[in-house]
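Q: Next comes structure-v2.tsv, TSV, C-alpha atoms:
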chain	number	residue	atom	x	y	z
A	1	MET	CA	53.64	-5.50	8.98
A	2	ALA	CA	51.37	-7.88	7.09
A	3	SER	CA	50.79	-6.98	3.45
A	4	ASP	CA	47.32	-6.92	1.94
A	5	LYS	CA	46.97	-9.43	-0.87
A	6	THR	CA	44.70	-8.56	-3.75
A	7	GLU	CA	42.66	-11.53	-4.94
A	8	PRO	CA	43.34	-12.14	-8.64
A	9	ARG	CA	40.37	-11.55	-10.92
A	10	LEU	CA	39.22	-14.50	-13.01
A	11	THR	CA	38.41	-13.58	-16.62
A	12	VAL	CA	35.08	-15.10	-17.65
A	13	ASP	CA	32.06	-14.29	-19.78
A	14	LEU	CA	29.09	-15.25	-17.60
A	15	PRO	CA	25.46	-14.35	-18.31
A	16	VAL	CA	23.92	-12.51	-15.35
A	17	ARG	CA	20.72	-10.64	-14.62
A	18	ILE	CA	20.76	-7.29	-12.85
A	19	TRP	CA	17.92	-5.16	-11.51
A	20	GLY	CA	17.23	-2.17	-9.29
A	21	LEU	CA	16.69	1.58	-9.63
A	22	ASN	CA	18.57	3.56	-12.25
A	23	ALA	CA	20.03	7.07	-11.89
A	24	GLU	CA	16.58	8.56	-12.60
A	25	GLY	CA	14.91	6.47	-9.91
A	26	ARG	CA	13.18	4.13	-12.36
A	27	VAL	CA	12.98	0.37	-11.95
A	28	PHE	CA	15.06	-1.66	-14.44
A	29	SER	CA	15.77	-5.35	-15.02
A	30	GLN	CA	18.03	-6.71	-17.78
A	31	SER	CA	20.54	-9.34	-18.88
A	32	ALA	CA	24.25	-8.45	-18.81
A	33	ARG	CA	27.67	-10.16	-18.75
A	34	ALA	CA	30.09	-10.60	-15.86
A	35	GLN	CA	33.54	-10.41	-17.49
A	36	ASN	CA	35.81	-10.79	-14.53
A	37	ILE	CA	34.99	-11.96	-11.03
A	38	THR	CA	36.36	-12.38	-7.54
A	39	SER	CA	34.73	-13.71	-4.39
A	40	ASP	CA	33.60	-10.19	-3.46
A	41	GLY	CA	32.92	-8.39	-6.73
A	42	ALA	CA	32.86	-8.29	-10.52
A	43	LEU	CA	33.09	-6.20	-13.66
A	44	ILE	CA	29.73	-6.23	-15.46
A	45	SER	CA	29.35	-5.06	-19.06
A	46	GLY	CA	26.40	-4.56	-21.37
A	47	VAL	CA	24.52	-2.45	-18.83
A	48	GLU	CA	21.81	-0.55	-20.70
A	49	THR	CA	20.81	1.82	-17.94
A	50	GLU	CA	22.83	4.59	-16.31
A	51	LEU	CA	24.00	3.82	-12.79
A	52	LYS	CA	26.09	5.83	-10.36
A	53	VAL	CA	28.59	5.04	-7.62
A	54	GLY	CA	26.81	3.95	-4.45
A	55	ASP	CA	23.76	2.45	-6.18
A	56	VAL	CA	22.76	-0.95	-4.81
A	57	ILE	CA	21.51	-3.46	-7.37
A	58	GLY	CA	20.44	-7.08	-7.44
A	59	VAL	CA	22.60	-9.56	-9.36
A	60	GLN	CA	21.70	-13.12	-10.35
A	61	CYS	CA	24.11	-15.73	-11.74
A	62	ASP	CA	22.54	-19.08	-12.60
A	63	GLU	CA	20.02	-19.56	-9.76
A	64	ASN	CA	22.00	-17.56	-7.19
A	65	LYS	CA	21.05	-14.01	-6.23
A	66	THR	CA	22.80	-11.33	-4.19
A	67	ARG	CA	22.97	-7.56	-3.69
A	68	CYS	CA	25.91	-5.48	-4.88
A	69	SER	CA	27.05	-1.88	-4.55
A	70	VAL	CA	28.28	-0.01	-7.63
A	71	ILE	CA	31.86	1.16	-6.97
A	72	TRP	CA	32.54	2.63	-10.43
A	73	ALA	CA	30.66	3.16	-13.69
A	74	MET	CA	31.69	4.17	-17.21
A	75	ASN	CA	30.34	4.38	-20.75
A	76	ALA	CA	32.18	1.69	-22.74
A	77	GLY	CA	30.78	2.55	-26.18
A	78	SER	CA	27.99	1.21	-28.34
A	79	ILE	CA	29.01	-2.47	-28.20
A	80	LYS	CA	29.70	-2.95	-24.50
A	81	LYS	CA	27.33	-0.10	-23.50
A	82	ASN	CA	27.91	0.82	-19.84
A	83	GLN	CA	30.35	-1.07	-17.65
A	84	ILE	CA	30.17	-1.13	-13.87
A	85	GLY	CA	32.33	-2.45	-11.08
A	86	VAL	CA	30.35	-3.97	-8.24
A	87	LYS	CA	31.16	-5.13	-4.74
A	88	LEU	CA	29.03	-7.64	-2.84
A	89	VAL	CA	27.14	-6.19	0.12
A	90	THR	CA	26.11	-9.64	1.40
A	91	GLN	CA	28.12	-12.81	2.00
A	92	GLU	CA	26.31	-14.66	-0.80
A	93	CYS	CA	28.65	-14.85	-3.82
A	94	PRO	CA	26.49	-15.90	-6.79
A	95	TRP	CA	29.44	-17.07	-8.93
A	96	GLN	CA	31.37	-18.82	-6.16
A	97	HIS	CA	31.41	-22.21	-7.94
A	98	TYR	CA	33.15	-20.63	-10.95
A	99	LEU	CA	36.09	-19.56	-8.78
A	100	PRO	CA	39.08	-21.75	-7.80
A	101	LEU	CA	38.73	-23.73	-4.60
A	102	ASP	CA	40.18	-22.30	-1.37
A	103	GLY	CA	43.77	-21.28	-1.91
A	104	ALA	CA	43.87	-22.59	-5.49
A	105	THR	CA	45.51	-20.59	-8.22
A	106	VAL	CA	43.70	-19.29	-11.26
A	107	GLY	CA	44.58	-21.30	-14.34
A	108	PHE	CA	47.54	-23.64	-14.64
A	109	SER	CA	50.28	-22.10	-12.50
A	110	ALA	CA	53.99	-22.69	-12.94
A	111	SER	CA	54.15	-24.46	-9.58
A	112	ASN	CA	51.37	-26.82	-10.64
A	113	ARG	CA	53.17	-27.66	-13.88
A	114	ARG	CA	56.34	-28.52	-11.96
A	115	ARG	CA	54.50	-30.71	-9.50
A	116	PHE	CA	52.26	-32.54	-11.98
A	117	TYR	CA	53.88	-32.89	-15.41
A	118	ARG	CA	51.65	-32.89	-18.47
A	119	HIS	CA	51.54	-35.99	-20.64
A	120	LYS	CA	50.75	-35.75	-24.34
A	121	ILE	CA	48.58	-38.83	-24.45
A	122	SER	CA	45.03	-39.48	-25.58
A	123	LEU	CA	42.73	-39.95	-22.59
A	124	PRO	CA	38.97	-40.42	-23.17
A	125	LEU	CA	36.75	-38.14	-21.09
A	126	GLU	CA	33.08	-37.41	-20.75
A	127	LEU	CA	32.28	-33.73	-20.11
A	128	ARG	CA	28.97	-32.32	-18.90
A	129	ASP	CA	28.18	-28.63	-18.76
A	130	GLN	CA	26.42	-28.35	-15.39
A	131	ARG	CA	23.96	-25.80	-16.78
A	132	VAL	CA	22.64	-28.06	-19.55
A	133	ASN	CA	23.89	-31.50	-18.43
A	134	ALA	CA	24.51	-32.59	-22.03
A	135	PRO	CA	27.33	-35.19	-22.18
A	136	LEU	CA	30.24	-34.65	-24.57
A	137	ARG	CA	32.60	-37.58	-25.21
A	138	ILE	CA	36.04	-36.37	-26.21
A	139	ASN	CA	39.73	-37.24	-25.93
A	140	ALA	CA	42.09	-35.06	-23.92
A	141	THR	CA	45.42	-34.48	-25.68
A	142	ASP	CA	47.49	-32.95	-22.88
A	143	VAL	CA	46.83	-34.33	-19.40
A	144	SER	CA	48.02	-33.96	-15.80
A	145	ALA	CA	46.36	-34.43	-12.44
A	146	ASN	CA	45.64	-30.68	-12.41
A	147	GLY	CA	43.78	-30.60	-15.70
A	148	CYS	CA	43.87	-31.22	-19.41
A	149	TYR	CA	43.49	-29.72	-22.86
A	150	VAL	CA	40.70	-30.84	-25.17
A	151	GLU	CA	40.56	-30.04	-28.88
A	152	SER	CA	37.27	-28.74	-30.27
A	153	MET	CA	36.17	-26.65	-33.24
A	154	GLN	CA	33.51	-25.12	-30.97
A	155	PRO	CA	35.21	-24.66	-27.58
A	156	LEU	CA	33.24	-23.91	-24.44
A	157	PRO	CA	33.16	-20.37	-23.01
A	158	LEU	CA	35.58	-19.29	-20.28
A	159	GLY	CA	34.28	-20.03	-16.81
A	160	THR	CA	32.05	-22.92	-17.86
A	161	VAL	CA	31.67	-25.34	-14.93
A	162	LEU	CA	31.91	-28.98	-15.93
A	163	GLN	CA	31.50	-32.43	-14.53
A	164	VAL	CA	34.25	-34.69	-15.86
A	165	ASP	CA	34.12	-38.48	-15.94
A	166	LEU	CA	37.35	-40.33	-16.68
A	167	TRP	CA	38.68	-43.82	-16.22
A	168	LEU	CA	42.09	-45.00	-15.00
A	169	ASP	CA	41.89	-48.63	-16.10
A	170	SER	CA	38.95	-49.88	-14.01
A	171	GLU	CA	38.80	-46.85	-11.65
A	172	HIS	CA	36.04	-44.38	-12.49
A	173	ILE	CA	36.82	-40.81	-11.43
A	174	LYS	CA	34.15	-38.13	-11.36
A	175	VAL	CA	35.37	-34.58	-10.72
A	176	THR	CA	34.25	-30.97	-11.13
A	177	ALA	CA	36.25	-28.71	-13.45
A	178	VAL	CA	36.30	-25.20	-14.88
A	179	VAL	CA	37.20	-23.98	-18.38
A	180	ARG	CA	40.27	-21.76	-17.90
A	181	THR	CA	41.32	-21.06	-21.51
A	182	CYS	CA	39.37	-20.80	-24.74
A	183	ASP	CA	41.12	-20.93	-28.14
A	184	PRO	CA	38.50	-20.33	-30.88
A	185	GLY	CA	38.46	-23.15	-33.40
A	186	VAL	CA	41.11	-25.05	-31.41
A	187	GLY	CA	39.98	-26.09	-27.93
A	188	ASN	CA	39.89	-25.53	-24.17
A	189	GLY	CA	42.24	-25.71	-21.23
A	190	ILE	CA	40.36	-27.30	-18.32
A	191	GLU	CA	41.33	-27.23	-14.64
A	192	PHE	CA	40.19	-30.01	-12.31
A	193	THR	CA	38.91	-28.06	-9.29
A	194	GLY	CA	37.21	-30.78	-7.26
A	195	MET	CA	39.78	-33.59	-7.21
A	196	PRO	CA	41.00	-34.73	-3.76
A	197	ALA	CA	44.76	-34.75	-3.20
A	198	ASP	CA	45.01	-38.56	-2.94
A	199	THR	CA	43.09	-38.99	-6.22
A	200	LYS	CA	45.38	-36.45	-7.91
A	201	GLN	CA	48.39	-38.46	-6.80
A	202	ARG	CA	46.89	-41.72	-8.07
A	203	MET	CA	46.08	-40.12	-11.41
A	204	GLN	CA	49.56	-38.65	-11.82
A	205	SER	CA	51.14	-42.00	-10.96
A	206	TYR	CA	48.91	-43.65	-13.57
A	207	LEU	CA	49.94	-41.11	-16.23
A	208	GLU	CA	53.63	-41.53	-15.42
A	209	ALA	CA	53.27	-45.32	-15.62
A	210	ILE	CA	51.82	-45.26	-19.14
A	211	ASP	CA	54.05	-42.39	-20.33
A	212	PRO	CA	57.27	-42.70	-18.27
A	213	GLN	CA	59.57	-40.91	-20.72
A	214	MET	CA	57.52	-37.71	-20.48
A	215	GLY	CA	57.93	-37.58	-16.72
A	216	VAL	CA	61.68	-38.17	-16.94
A	217	SER	CA	62.28	-35.54	-19.65
A	218	SER	CA	60.07	-32.97	-17.89
A	219	ALA	CA	61.90	-33.49	-14.61
A	220	SER	CA	65.25	-33.02	-16.35
A	221	ASN	CA	64.08	-29.82	-18.05
A	222	SER	CA	62.84	-28.34	-14.79
A	223	ASN	CA	66.19	-28.73	-13.03
Starting from the coordinates I provided, produce the structure as structure tokens.

A:
Amino acid sequence: MASDKTEPRLTVDLPVRIWGLNAEGRVFSQSARAQNITSDGALISGVETELKVGDVIGVQCDENKTRCSVIWAMNAGSIKKNQIGVKLVTQECPWQHYLPLDGATVGFSASNRRRFYRHKISLPLELRDQRVNAPLRINATDVSANGCYVESMQPLPLGTVLQVDLWLDSEHIKVTAVVRTCDPGVGNGIEFTGMPADTKQRMQSYLEAIDPQMGVSSASNSN
């Protein structure tokens, strides 16, 4: 018998807008935060109005809109106000581009680390937050073909979608990425989500060529 697999929830802190009818039948519209997401639902906090199970509301993330059904609701206290769990009632997932690509794991998995060893080298990158398109030139300090770590006193929020430009000698690589970890005052772990398999292999070969000892020692430690 096939087992049902539960899709892992991705922890984020995304601004969203929600609207609809509250428990008293009055129209509401407000800003809130999606704090974990999957391809078919989310946990939304900061809800100022009272909603009940079965209510259908509109949800907007960036420019994308959809309709969701409330599957649970609770009072989370004065700071987080009400929290609700919602399930999409249409096939339009408004936060789809914040999720891993098909079949990808959330974050840097153990299998990814074994396949693509990290190299503690300085690699110049140019990052652009897709929502504001402001370039940030920075050096990655821990790099593999799956992603990197960048040090910053003001790290980007979890779930931020980025465009990354990097150079392997004369080859210019442009790839989409997502912020997977946020260490306040320290930096971000970034996963490359839009890099083709052949480009990943070329990048890893490049890293191993300029930092061969790291690849050898990592391989020995993994055995």

Q: Work out how far apart atom CA of A:Gln96 and atom CA of A:Asn64 are and give it in Å to one decimal.

A: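 Taking atom CA of A:Gln96 as the start and atom CA of A:Asn64 as the end point, the length is 9.5 Å.
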
Q: Quick one: pull the distance between atom CA of A:Trp167 and atom CA of A:Ser205, Å, one decimal.

A: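 Between atom CA of A:Trp167 and atom CA of A:Ser205 the gap works out to 13.6 Å.
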
Q: Between A:Gln154, A:Ser170, A:Gly58, A:Lys52, which one has atoms that come closest to A:Ile71, using all atoms listed in the file?

A: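 Smallest distance to A:Ile71 is found for A:Lys52.
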
Q: Of the candidates A:Asp13, A:Glu63, A:Glu171, A:Asp55, which shows the shortest atom-to-atom distance to A:Leu43, using only C-alpha atoms?

A: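 Under the stated criterion, the closest residue is A:Asp13.
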
Q: With all atoms listed in the file as the counted atoms, please give the residues lying no more than 12 Å from A:Pro124, apart from itself and same-chain residues fewer than 6 positions off, as a PDB file with C-alpha atoms, keeping the file's coordinate frame.

A:
ATOM      1  CA  LEU A 136      30.240 -34.650 -24.570  1.00  0.00           C
ATOM      2  CA  ARG A 137      32.600 -37.580 -25.210  1.00  0.00           C
ATOM      3  CA  ILE A 138      36.040 -36.370 -26.210  1.00  0.00           C
ATOM      4  CA  ASN A 139      39.730 -37.240 -25.930  1.00  0.00           C
ATOM      5  CA  ALA A 140      42.090 -35.060 -23.920  1.00  0.00           C
ATOM      6  CA  THR A 141      45.420 -34.480 -25.680  1.00  0.00           C
ATOM      7  CA  ASP A 142      47.490 -32.950 -22.880  1.00  0.00           C
ATOM      8  CA  VAL A 143      46.830 -34.330 -19.400  1.00  0.00           C
ATOM      9  CA  CYS A 148      43.870 -31.220 -19.410  1.00  0.00           C
ATOM     10  CA  TYR A 149      43.490 -29.720 -22.860  1.00  0.00           C
ATOM     11  CA  VAL A 150      40.700 -30.840 -25.170  1.00  0.00           C
ATOM     12  CA  GLU A 151      40.560 -30.040 -28.880  1.00  0.00           C
ATOM     13  CA  VAL A 164      34.250 -34.690 -15.860  1.00  0.00           C
ATOM     14  CA  ASP A 165      34.120 -38.480 -15.940  1.00  0.00           C
ATOM     15  CA  LEU A 166      37.350 -40.330 -16.680  1.00  0.00           C
ATOM     16  CA  TRP A 167      38.680 -43.820 -16.220  1.00  0.00           C
ATOM     17  CA  LEU A 168      42.090 -45.000 -15.000  1.00  0.00           C
ATOM     18  CA  ASP A 169      41.890 -48.630 -16.100  1.00  0.00           C
ATOM     19  CA  HIS A 172      36.040 -44.380 -12.490  1.00  0.00           C
ATOM     20  CA  ILE A 173      36.820 -40.810 -11.430  1.00  0.00           C
TER      21      ILE A 173
END

Q: Between atom CA of A:Gly147 and atom CA of A:Ala197, measure the distance and give it in Å to one decimal.

A: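 Here the two named atoms are 13.2 Å from each other.
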